[in-house]
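Student: Let me begin by handing over the structure; questions about it come next.
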Amino acid sequence: MKKPFFFSLALTVLGLLSQPLAAQTEAENALVEPLAFPKNELKINALMLFVPVLEMHYEYLINNENAAGLSAHVQLGSDYFIPFQALGFYRFYFGKKPAAGFFVELNASAYVFNQNWYGEESETADRKYTNRFTGGFGLTLGKKYLTKRNVVVEIFYGVGRSVFHESFYLNFGITVGKRF
């Protein structure tokens with residue numbers, strides 16, 4: 001009973017965030033200036049390369065304070081507890097530079113996890129993993145630094161909870177990329 005309720009509540013909140021406010025008039029929209037900076041960012045999570053996992057991020061800057069994006073990671077080694085993850089996010093920025101500084105991120109993730117990393121014994125002594133597919137929602141906090149040449153560096157940490165299984169996912173890293 002709880003899981004369908006929280007899942008539908010989260011979908012409703014994400015739907016409301018993606019819609020423009022009905023109270024805005026056309027006159028207010030006409031006053032909004034177009035972005036005077038590049039709107040796209042492509043980044044790689046340098047911290048995850050030590051795990052080894054390849055993680056890429058794409059972010060679209062909606063305005064000076066909001067952005068939406070996608071990230072995906074795939075396991076390069078054999079012993080990481082989340083071999084695949086696709087994550088969509090929406091960010092709120094609180095900095096002086098456009099879409100930079102401290103941020104709060106709401107995210108939704110679809111991922112595969114190895115069940116025996118969560119305390120369940122493997123079937124054989126050779127560490128055979130049982131993979132499960134699930135999805136969840138999370139919250140991340142971080143800070144983005146922006147240079148004059150539009151190079152971005154982010155430091156962030158967050159956690160999310162699965163909707164269908166008793167599992168969680170971590171969202172952390174140090175990303176380096178370019179705004180274009």
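In the structure tokens, the first chain shown is A, the next is B, and so on; residue numbers restart at 1 for each chain, and ligands run from 1 in the order shown.
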Just the strand (DSSP E) stuff from range 34-99 of chain A, please, per backbone DSSP, written as a ChimeraX atom specification.
Tutor: /A:40-45,53-61,66-75,84-93
Student: Next, write the just-selected residues to a file, as a PDB file, in the first residue's frame, keeping C-alpha atoms as the atom set.
Tutor:
ATOM      1  CA  ASN A  40      24.625  22.525 -22.354  1.00  0.00           C
ATOM      2  CA  GLU A  41      27.170  20.698 -20.212  1.00  0.00           C
ATOM      3  CA  LEU A  42      28.893  17.370 -20.778  1.00  0.00           C
ATOM      4  CA  LYS A  43      30.840  15.905 -17.833  1.00  0.00           C
ATOM      5  CA  ILE A  44      32.620  12.740 -16.702  1.00  0.00           C
ATOM      6  CA  ASN A  45      32.764  11.530 -13.110  1.00  0.00           C
ATOM      7  CA  VAL A  53      32.924   2.652 -13.436  1.00  0.00           C
ATOM      8  CA  LEU A  54      32.403   4.900 -16.468  1.00  0.00           C
ATOM      9  CA  GLU A  55      29.883   7.616 -15.586  1.00  0.00           C
ATOM     10  CA  MET A  56      28.819  10.394 -17.983  1.00  0.00           C
ATOM     11  CA  HIS A  57      26.538  13.372 -17.277  1.00  0.00           C
ATOM     12  CA  TYR A  58      24.598  15.653 -19.617  1.00  0.00           C
ATOM     13  CA  GLU A  59      22.950  18.774 -18.196  1.00  0.00           C
ATOM     14  CA  TYR A  60      20.662  21.306 -19.896  1.00  0.00           C
ATOM     15  CA  LEU A  61      20.554  24.726 -18.225  1.00  0.00           C
ATOM     16  CA  ASN A  66      17.480  25.578 -12.740  1.00  0.00           C
ATOM     17  CA  ALA A  67      18.788  22.694 -14.806  1.00  0.00           C
ATOM     18  CA  ALA A  68      17.722  19.203 -15.836  1.00  0.00           C
ATOM     19  CA  GLY A  69      19.837  16.349 -17.011  1.00  0.00           C
ATOM     20  CA  LEU A  70      20.687  12.692 -17.372  1.00  0.00           C
ATOM     21  CA  SER A  71      23.557  10.578 -16.180  1.00  0.00           C
ATOM     22  CA  ALA A  72      24.416   6.957 -16.822  1.00  0.00           C
ATOM     23  CA  HIS A  73      27.101   4.655 -15.579  1.00  0.00           C
ATOM     24  CA  VAL A  74      28.307   1.207 -16.533  1.00  0.00           C
ATOM     25  CA  GLN A  75      30.606  -1.064 -14.639  1.00  0.00           C
ATOM     26  CA  PHE A  84      24.294  -0.199 -14.415  1.00  0.00           C
ATOM     27  CA  GLN A  85      22.391   2.970 -13.556  1.00  0.00           C
ATOM     28  CA  ALA A  86      20.469   5.604 -15.508  1.00  0.00           C
ATOM     29  CA  LEU A  87      19.530   8.690 -13.530  1.00  0.00           C
ATOM     30  CA  GLY A  88      17.422  11.720 -14.445  1.00  0.00           C
ATOM     31  CA  PHE A  89      17.739  14.838 -12.314  1.00  0.00           C
ATOM     32  CA  TYR A  90      16.446  18.347 -11.754  1.00  0.00           C
ATOM     33  CA  ARG A  91      18.676  20.903 -10.003  1.00  0.00           C
ATOM     34  CA  PHE A  92      18.085  24.140  -8.123  1.00  0.00           C
ATOM     35  CA  TYR A  93      21.165  26.425  -7.974  1.00  0.00           C
TER      36      TYR A  93
END
Student: To one decimal in Å, tell me the separation between CA of Lys143 in chain A and CA of Gly101 in chain A.
Tutor: 5.2 Å
Student: Go through A:Pro98, A:Pro38, A:Gly136, A:Pro83 one by one, measure the shortest atom-to-atom distance of each to His165 in chain A using only C-alpha atoms, and give the residue with the smallest value.
Tutor: A:Gly136
Student: Quick one: residues within 12 Å of Ala100 in chain A, only C-alpha atoms, excluding same-chain residues fewer than 3 positions away - as a PDB file with C-alpha atoms, in the first residue's frame?
Tutor:
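Printed below is result.pdb as written:
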ATOM      1  CA  PHE A  37      25.587  31.827 -21.535  1.00  0.00           C
ATOM      2  CA  GLU A  41      27.170  20.698 -20.212  1.00  0.00           C
ATOM      3  CA  LEU A  61      20.554  24.726 -18.225  1.00  0.00           C
ATOM      4  CA  ASN A  63      17.793  29.373 -16.670  1.00  0.00           C
ATOM      5  CA  ASN A  64      20.215  30.907 -14.138  1.00  0.00           C
ATOM      6  CA  GLU A  65      18.811  28.844 -11.268  1.00  0.00           C
ATOM      7  CA  ASN A  66      17.480  25.578 -12.740  1.00  0.00           C
ATOM      8  CA  ALA A  67      18.788  22.694 -14.806  1.00  0.00           C
ATOM      9  CA  ARG A  91      18.676  20.903 -10.003  1.00  0.00           C
ATOM     10  CA  PHE A  92      18.085  24.140  -8.123  1.00  0.00           C
ATOM     11  CA  TYR A  93      21.165  26.425  -7.974  1.00  0.00           C
ATOM     12  CA  PHE A  94      21.892  29.029  -5.291  1.00  0.00           C
ATOM     13  CA  GLY A  95      25.046  30.740  -6.601  1.00  0.00           C
ATOM     14  CA  LYS A  96      26.020  34.121  -7.999  1.00  0.00           C
ATOM     15  CA  LYS A  97      27.204  32.750 -11.358  1.00  0.00           C
ATOM     16  CA  PHE A 103      22.798  23.066  -5.603  1.00  0.00           C
ATOM     17  CA  VAL A 104      20.030  20.726  -4.474  1.00  0.00           C
ATOM     18  CA  GLY A 142      26.654  19.578  -4.116  1.00  0.00           C
ATOM     19  CA  LYS A 143      28.626  22.511  -5.403  1.00  0.00           C
ATOM     20  CA  LYS A 144      29.544  23.461  -8.969  1.00  0.00           C
ATOM     21  CA  TYR A 145      32.554  25.596  -9.843  1.00  0.00           C
ATOM     22  CA  LEU A 146      32.687  27.433 -13.187  1.00  0.00           C
ATOM     23  CA  THR A 147      35.749  28.978 -14.840  1.00  0.00           C
ATOM     24  CA  ASN A 150      33.315  27.409 -19.238  1.00  0.00           C
ATOM     25  CA  VAL A 151      35.065  24.467 -17.621  1.00  0.00           C
ATOM     26  CA  VAL A 152      32.927  23.020 -14.809  1.00  0.00           C
ATOM     27  CA  VAL A 153      33.912  20.980 -11.766  1.00  0.00           C
ATOM     28  CA  GLU A 154      31.299  19.532  -9.421  1.00  0.00           C
ATOM     29  CA  ILE A 155      31.529  17.879  -6.045  1.00  0.00           C
ATOM     30  CA  ARG A 179      29.783  24.025 -20.807  1.00  0.00           C
TER      31      ARG A 179
END
